[in-house]
Amino acid sequence: MAIVDYLFSPRIDRFGSETPSEASRIFFLIVILSVSYWAWQISNGIVSIWLMVVILISTPILSVGWWLISLISQKRPTKDLFSK
(Lines give C-alpha, C1' and ligand atoms only; values in the text may rest on other atoms or scores of the structure.)
Protein backbone atom coordinates (compact mmCIF):
# COMPACT_ATOMS: atom_id res chain seq x y z
CA MET A 1 0.00 0.00 0.00
CA ALA A 2 3.01 2.31 0.41
CA ILE A 3 3.50 2.60 -3.35
CA VAL A 4 -0.17 3.48 -3.88
CA ASP A 5 0.04 6.14 -1.17
CA TYR A 6 3.25 7.50 -2.69
CA LEU A 7 1.77 7.70 -6.19
CA PHE A 8 -1.67 9.08 -5.36
CA SER A 9 -0.99 11.42 -2.41
CA PRO A 10 -1.39 15.09 -3.33
CA ARG A 11 1.79 17.12 -2.91
CA ILE A 12 2.08 20.36 -0.95
CA ASP A 13 4.54 22.89 -2.39
CA ARG A 14 6.55 25.37 -0.35
CA PHE A 15 3.72 27.94 -0.51
CA GLY A 16 1.12 25.51 0.88
CA SER A 17 -0.72 24.87 -2.39
CA GLU A 18 -1.66 21.36 -3.43
CA THR A 19 0.07 20.20 -6.60
CA PRO A 20 -0.62 17.08 -8.69
CA SER A 21 0.37 13.68 -7.38
CA GLU A 22 3.15 11.56 -8.84
CA ALA A 23 0.54 9.44 -10.62
CA SER A 24 -0.75 12.55 -12.40
CA ARG A 25 2.73 13.47 -13.53
CA ILE A 26 3.48 9.94 -14.78
CA PHE A 27 0.09 9.79 -16.53
CA PHE A 28 0.84 13.09 -18.30
CA LEU A 29 4.15 11.78 -19.64
CA ILE A 30 2.66 8.47 -20.78
CA VAL A 31 -0.25 10.15 -22.60
CA ILE A 32 1.86 12.85 -24.26
CA LEU A 33 4.55 10.43 -25.42
CA SER A 34 2.15 7.78 -26.71
CA VAL A 35 -0.16 10.26 -28.46
CA SER A 36 2.87 12.06 -29.93
CA TYR A 37 4.22 8.82 -31.37
CA TRP A 38 0.81 7.85 -32.77
CA ALA A 39 0.17 11.33 -34.20
CA TRP A 40 3.55 11.44 -35.90
CA GLN A 41 2.65 8.27 -37.80
CA ILE A 42 -0.63 9.69 -39.14
CA SER A 43 0.62 13.24 -39.80
CA ASN A 44 3.31 12.06 -42.23
CA GLY A 45 5.89 14.28 -40.54
CA ILE A 46 4.01 17.57 -40.94
CA VAL A 47 4.78 19.31 -37.67
CA SER A 48 1.77 21.65 -37.57
CA ILE A 49 -0.68 18.78 -38.18
CA TRP A 50 1.17 16.64 -35.62
CA LEU A 51 0.92 19.34 -32.97
CA MET A 52 -2.80 19.88 -33.61
CA VAL A 53 -3.54 16.16 -33.42
CA VAL A 54 -1.54 15.80 -30.19
CA ILE A 55 -3.45 18.65 -28.55
CA LEU A 56 -6.83 17.48 -29.88
CA ILE A 57 -6.44 13.86 -28.77
CA SER A 58 -4.49 14.26 -25.53
CA THR A 59 -6.73 16.95 -23.99
CA PRO A 60 -9.81 14.75 -23.37
CA ILE A 61 -7.67 11.75 -22.39
CA LEU A 62 -5.81 13.84 -19.81
CA SER A 63 -9.02 15.42 -18.50
CA VAL A 64 -10.73 12.09 -17.87
CA GLY A 65 -7.58 10.48 -16.50
CA TRP A 66 -6.84 13.32 -14.09
CA TRP A 67 -10.45 13.29 -12.91
CA LEU A 68 -10.18 9.55 -12.14
CA ILE A 69 -6.83 10.06 -10.40
CA SER A 70 -8.35 12.86 -8.30
CA LEU A 71 -11.13 10.50 -7.18
CA ILE A 72 -8.53 7.99 -6.03
CA SER A 73 -6.43 10.71 -4.36
CA GLN A 74 -9.23 12.23 -2.27
CA LYS A 75 -8.75 10.02 0.79
CA ARG A 76 -4.95 10.03 0.73
CA PRO A 77 -2.90 12.14 3.14
CA THR A 78 -0.91 14.99 1.59
CA LYS A 79 2.87 14.85 1.37
CA ASP A 80 5.52 17.54 0.91
CA LEU A 81 6.71 18.17 -2.63
CA PHE A 82 10.17 19.14 -1.36
CA SER A 83 11.90 17.91 1.76
CA LYS A 84 12.24 20.56 4.43
# chains A, B, ... in the order shown; residues from 1 in each chain; ligands from 1
$ residues_around --residues "region 19-36 of chain A" --least-positions-apart "4" --cutoff "7 Å" --atoms "only C-alpha atoms" --output "PyMOL selection string"
chain A and resi 7-13+40+54+58+62+66+69
$ select_by_dssp --residues "chain A" --states "helix (DSSP H, G or I)" --output "ChimeraX atom specification"
/A:2-8,22-43,47-73
$ select_by_dssp --residues "chain A" --states "strand (DSSP E or B)" --output "list in words"
Arg11, Ile12, Glu18, Thr19, Lys79 and Asp80 of chain A
$ atom_distance --atom1 "CA of Gly65 (chain A)" --atom2 "CA of Pro77 (chain A)"
20.3 Å
